Amino acid sequence: MFFIFSNLFCNAPKPEVQPFNREIIKVFEATPILTGADQTDKYLPFLKGLRVGLLVNQTSMVGSQHLVDVLKEKGVNVTAIFAPEHGFRGDADAGQELTNSVDKETGIPVISIYGKKKGPDQADLANVDVVVFDVQDVGTRFYTYLSTLKYLMEACAEFKKPLMILDRPNPNAYFIDGPVLEMENTSFVGIIPIPIVHGMTLGELGWMMNAEGMLKDKIKCELKVIQCGNYDHFKPYILPVKPSPNLPNQVSIMLYPSLCLFEGTNFSVGRGTDKQFQVYGSPIAKKGDFYFTPQPKPGAMTPFLQGKKCRGYDLSNLSIEKIRTEGKINLTYFLQAYKDYPDKANFFLKNNFIDLLMGTKKFQQQVKSGMSEAEIRASWKEGIDKFKITRKKYLLYPN
């Protein structure tokens, strides 16, 4: 079954997509974006008569229906569901270890690949001819669905199972920013050497990981990507379903690249409130006009700083347009918070999680030494410039 996609499969980079002229862009912007999953006519023929494994979650929607239900209605034989972080239904806490189960609505086995194992093993794939990946990403290196895709690609390559990615737009694709990950800081929140904000879809990243030898032992996965329709990297995309429990709306998704850095510090970013990744604060902060207290809530049953009143700032009223206009990771929030923090020796968590989030040990030292934002950004430039050259080879959409 390894050559199931036959001549349609290719490990080589896709041809570069030339930028549109303004007239075409005007028409393009007036046309609704289609996800890969929306375009059933482009992938159902490849699944006919095969045993299909799905890596999906609550974002895997085709209009108002879940992809699992659509495929079953079309007569596709779905034999396994692989569940990433937050689970198949998307309601598990961040970092919560998941167990195997059976989906009550369909009777299909649900196999967890978040916890002790990060990808399916040979036994998990024994009853599968082809794997379909359809999960909504938010465009940052530390959002774990990218890591899940890499582990899935490696498993498919090792056990000779073709993989189809139903691509989805990246809501943060309009800019590229942050240091390129240094491989000594590799973790599940940083799996390949790219900037924090990479400006690519998971389909594009799949092509890049395959062709650039980023999979373990430089193995290759038989890969087919069903591209989005009517999409370019700068076209705004409002997610119809929250991608994880603590990214409840578009503002949180767009602030996530900036505020997630605080998860390496003794600040809360609103887990355990109704403004996750839209606020930040600390129990001992001396500045800020907003107060909140993290409490157990679905998706954050043991939130950081639970029960402690935090002082800080509320960004929930920022407009999407204002955040897009910045077009970069907002370091001002972070650097000012450090400057104002009364106990600098305990600003960063002792586990040095900030090094894994940033992908480098340099950032923590840069902040402690008092480097300016401009100086910190200058240290990222060479890596970003090199990445942009590599990235360009794998873009499936106008840039």
# chains A, B, ... in the order shown; residues from 1 in each chain; ligands from 1
$ closest_atom_pairs --of "stretch 155-187 of chain A" --to "stretch 252-262 of chain A" --cutoff "10 Å" --atoms "only C-alpha atoms" --output "tab-separated table"
residue	atom	partner	partner_atom	distance
A:Pro171	CA	A:Met254	CA	7.5
A:Asn172	CA	A:Met254	CA	6.6
A:Asp177	CA	A:Pro257	CA	9.2
A:Gly178	CA	A:Pro257	CA	9.3
$ write_last_selection --atoms "N, CA and C atoms" --output "PDB file, in the first residue's frame"
ATOM      1  N   PRO A 171      -3.823  31.201  10.896  1.00  0.00           N
ATOM      2  CA  PRO A 171      -4.334  32.533  11.242  1.00  0.00           C
ATOM      3  C   PRO A 171      -3.248  33.539  11.608  1.00  0.00           C
ATOM      4  N   ASN A 172      -2.019  33.047  11.809  1.00  0.00           N
ATOM      5  CA  ASN A 172      -0.888  33.934  12.094  1.00  0.00           C
ATOM      6  C   ASN A 172       0.182  33.848  11.006  1.00  0.00           C
ATOM      7  N   ASP A 177       8.606  35.705  12.822  1.00  0.00           N
ATOM      8  CA  ASP A 177       9.331  36.379  13.893  1.00  0.00           C
ATOM      9  C   ASP A 177       9.835  35.373  14.927  1.00  0.00           C
ATOM     10  N   GLY A 178      10.846  35.797  15.661  1.00  0.00           N
ATOM     11  CA  GLY A 178      11.383  34.984  16.748  1.00  0.00           C
ATOM     12  C   GLY A 178      12.673  34.285  16.359  1.00  0.00           C
TER      13      GLY A 178
END
$ residues_around --residues "A:Tyr143" --least-positions-apart "2" --cutoff "10 Å" --atoms "only C-alpha atoms" --output "PDB file with N, CA and C atoms, in the first residue's frame"
ATOM      1  N   GLU A  85      -2.783  16.195  21.524  1.00  0.00           N
ATOM      2  CA  GLU A  85      -2.975  16.911  22.787  1.00  0.00           C
ATOM      3  C   GLU A  85      -4.380  17.511  22.832  1.00  0.00           C
ATOM      4  N   ASP A 137      -4.062  24.389  13.049  1.00  0.00           N
ATOM      5  CA  ASP A 137      -2.888  24.929  13.734  1.00  0.00           C
ATOM      6  C   ASP A 137      -3.061  26.434  13.932  1.00  0.00           C
ATOM      7  N   VAL A 138      -2.178  27.056  14.755  1.00  0.00           N
ATOM      8  CA  VAL A 138      -2.236  28.507  14.939  1.00  0.00           C
ATOM      9  C   VAL A 138      -0.936  29.198  14.553  1.00  0.00           C
ATOM     10  N   GLY A 139       0.015  28.443  13.980  1.00  0.00           N
ATOM     11  CA  GLY A 139       1.162  29.075  13.356  1.00  0.00           C
ATOM     12  C   GLY A 139       2.343  29.406  14.234  1.00  0.00           C
ATOM     13  N   THR A 140       2.459  28.770  15.403  1.00  0.00           N
ATOM     14  CA  THR A 140       3.638  28.985  16.228  1.00  0.00           C
ATOM     15  C   THR A 140       4.366  27.659  16.450  1.00  0.00           C
ATOM     16  N   ARG A 141       5.682  27.777  16.598  1.00  0.00           N
ATOM     17  CA  ARG A 141       6.498  26.570  16.779  1.00  0.00           C
ATOM     18  C   ARG A 141       6.135  25.821  18.048  1.00  0.00           C
ATOM     19  N   TYR A 145       0.675  20.832  17.763  1.00  0.00           N
ATOM     20  CA  TYR A 145       0.186  20.033  16.640  1.00  0.00           C
ATOM     21  C   TYR A 145       1.258  19.855  15.560  1.00  0.00           C
ATOM     22  N   LEU A 146       2.203  20.782  15.464  1.00  0.00           N
ATOM     23  CA  LEU A 146       3.328  20.618  14.542  1.00  0.00           C
ATOM     24  C   LEU A 146       4.183  19.429  14.974  1.00  0.00           C
ATOM     25  N   SER A 147       4.464  19.328  16.263  1.00  0.00           N
ATOM     26  CA  SER A 147       5.249  18.200  16.761  1.00  0.00           C
ATOM     27  C   SER A 147       4.515  16.891  16.518  1.00  0.00           C
ATOM     28  N   THR A 148       3.205  16.895  16.736  1.00  0.00           N
ATOM     29  CA  THR A 148       2.393  15.700  16.481  1.00  0.00           C
ATOM     30  C   THR A 148       2.480  15.290  15.021  1.00  0.00           C
ATOM     31  N   PHE A 188       8.953  18.898  22.868  1.00  0.00           N
ATOM     32  CA  PHE A 188       7.641  18.801  22.236  1.00  0.00           C
ATOM     33  C   PHE A 188       7.057  20.177  21.931  1.00  0.00           C
ATOM     34  N   VAL A 189       7.580  21.242  22.558  1.00  0.00           N
ATOM     35  CA  VAL A 189       7.144  22.597  22.240  1.00  0.00           C
ATOM     36  C   VAL A 189       8.145  23.293  21.310  1.00  0.00           C
ATOM     37  N   GLY A 190       9.019  22.506  20.710  1.00  0.00           N
ATOM     38  CA  GLY A 190       9.969  23.034  19.741  1.00  0.00           C
ATOM     39  C   GLY A 190      10.679  21.879  19.082  1.00  0.00           C
ATOM     40  N   ILE A 196       9.806  31.108  15.946  1.00  0.00           N
ATOM     41  CA  ILE A 196       8.589  30.920  16.746  1.00  0.00           C
ATOM     42  C   ILE A 196       7.351  31.071  15.873  1.00  0.00           C
ATOM     43  N   SER A 244      -8.021  24.887  20.757  1.00  0.00           N
ATOM     44  CA  SER A 244      -7.728  24.195  22.008  1.00  0.00           C
ATOM     45  C   SER A 244      -8.451  24.928  23.134  1.00  0.00           C
ATOM     46  N   TYR A 256      -1.411  34.947  21.182  1.00  0.00           N
ATOM     47  CA  TYR A 256      -0.699  33.761  21.661  1.00  0.00           C
ATOM     48  C   TYR A 256       0.809  33.798  21.391  1.00  0.00           C
ATOM     49  N   PRO A 257       1.274  34.186  20.191  1.00  0.00           N
ATOM     50  CA  PRO A 257       2.720  34.210  19.968  1.00  0.00           C
ATOM     51  C   PRO A 257       3.473  35.127  20.934  1.00  0.00           C
ATOM     52  N   CYS A 260       2.474  33.737  25.095  1.00  0.00           N
ATOM     53  CA  CYS A 260       2.921  32.404  25.499  1.00  0.00           C
ATOM     54  C   CYS A 260       4.301  32.445  26.134  1.00  0.00           C
ATOM     55  N   LEU A 357      10.623  27.275  25.101  1.00  0.00           N
ATOM     56  CA  LEU A 357       9.668  28.087  24.346  1.00  0.00           C
ATOM     57  C   LEU A 357      10.373  28.944  23.299  1.00  0.00           C
TER      58      LEU A 357
END
$ residues_around --residues "stretch 235-238 of chain A" --least-positions-apart "4" --cutoff "10 Å" --atoms "only C-alpha atoms" --output "ChimeraX atom specification"
/A:25,28-29,32-33,168-174,230-231,242,249-251,253,320-321,324,398-399
$ residues_around --residues "A:Asp167" --least-positions-apart "5" --cutoff "8 Å" --atoms "only C-alpha atoms" --output "PyMOL selection string"
chain A and resi 35-37+134+201-203+225-228
$ write_last_selection --atoms "N, CA and C atoms" --output "tab-separated table (two decimals), in the first residue's frame"
chain	number	residue	atom	x	y	z
A	35	THR	N	-11.02	25.04	3.22
A	35	THR	CA	-9.99	24.18	3.81
A	35	THR	C	-9.81	22.95	2.93
A	36	GLY	N	-8.74	22.21	3.18
A	36	GLY	CA	-8.56	20.96	2.46
A	36	GLY	C	-9.74	20.02	2.68
A	37	ALA	N	-10.21	19.97	3.93
A	37	ALA	CA	-11.32	19.07	4.27
A	37	ALA	C	-12.61	19.44	3.55
A	134	ASP	N	-5.94	15.98	9.85
A	134	ASP	CA	-6.75	17.18	9.67
A	134	ASP	C	-6.94	17.87	11.02
A	201	THR	N	1.60	26.91	6.65
A	201	THR	CA	0.56	25.98	7.06
A	201	THR	C	1.22	24.65	7.41
A	202	LEU	N	0.47	23.76	8.05
A	202	LEU	CA	1.03	22.46	8.37
A	202	LEU	C	1.30	21.64	7.10
A	203	GLY	N	0.52	21.87	6.06
A	203	GLY	CA	0.81	21.20	4.80
A	203	GLY	C	2.15	21.62	4.24
A	225	VAL	N	-0.71	16.41	0.00
A	225	VAL	CA	-1.36	17.54	0.67
A	225	VAL	C	-2.54	18.00	-0.18
A	226	ILE	N	-3.73	18.04	0.44
A	226	ILE	CA	-4.89	18.64	-0.20
A	226	ILE	C	-4.89	20.11	0.20
A	227	GLN	N	-4.60	20.97	-0.75
A	227	GLN	CA	-4.40	22.38	-0.45
A	227	GLN	C	-5.70	23.11	-0.15
A	228	CYS	N	-5.58	24.21	0.59
A	228	CYS	CA	-6.71	25.11	0.79
A	228	CYS	C	-7.04	25.80	-0.52
$ residues_around --residues "A:Ala155" --least-positions-apart "3" --cutoff "7 Å" --atoms "only C-alpha atoms" --output "PyMOL selection string"
chain A and resi 119-121+151-152+158-159
$ closest_residue --among "A:Leu55, A:Met200, A:Leu149, A:Val131" --to "A:Ile176" --atoms "only C-alpha atoms"
A:Met200
$ closest_residue --among "A:Glu184, A:Asp103, A:Glu73, A:Glu222" --to "A:Val132" --atoms "only C-alpha atoms"
A:Glu222
$ closest_residue --among "A:Lys381, A:Lys74, A:Lys150, A:Lys286" --to "A:Lys118" --atoms "only C-alpha atoms"
A:Lys150
$ residues_around --residues "A:Thr265" --least-positions-apart "6" --cutoff "6 Å" --atoms "only C-alpha atoms" --output "VMD selection string"
chain A and resid 347 to 349
$ select_by_dssp --residues "stretch 288-363 of chain A" --states "strand (DSSP E)" --output "list in words"
Phe290, Tyr291, Phe292, Cys310, Arg311, Gly312, Tyr313 and Asp314 of chain A
$ write_last_selection --atoms "C-alpha atoms" --output "short mmCIF file (atom, residue, chain, number, x, y, z; two decimals), in the first residue's frame"
data_model
loop_
_atom_site.label_atom_id
_atom_site.label_comp_id
_atom_site.auth_asym_id
_atom_site.auth_seq_id
_atom_site.Cartn_x
_atom_site.Cartn_y
_atom_site.Cartn_z
CA PHE A 290 -6.37 44.66 35.96
CA TYR A 291 -6.82 41.94 38.58
CA PHE A 292 -7.76 38.29 38.12
CA CYS A 310 -2.83 38.47 40.06
CA ARG A 311 -2.20 42.05 39.05
CA GLY A 312 -1.46 42.89 35.46
CA TYR A 313 -3.01 43.89 32.19
CA ASP A 314 -6.10 43.05 30.13
#
$ residues_around --residues "stretch 383-387 of chain A" --least-positions-apart "4" --cutoff "7 Å" --atoms "only C-alpha atoms" --output "ChimeraX atom specification"
/A:179-180,194-195,391
$ write_last_selection --atoms "C-alpha atoms" --output "compact mmCIF listing (two decimals), in the first residue's frame"
# COMPACT_ATOMS: atom_id res chain seq x y z
CA PRO A 179 14.67 33.11 17.06
CA VAL A 180 15.22 29.95 15.06
CA ILE A 194 12.22 27.30 12.55
CA PRO A 195 11.32 30.68 14.11
CA ARG A 391 10.66 28.43 3.49
$ atom_distance --atom1 "atom CA of A:Lys393" --atom2 "atom CA of A:Glu154"
21.5 Å
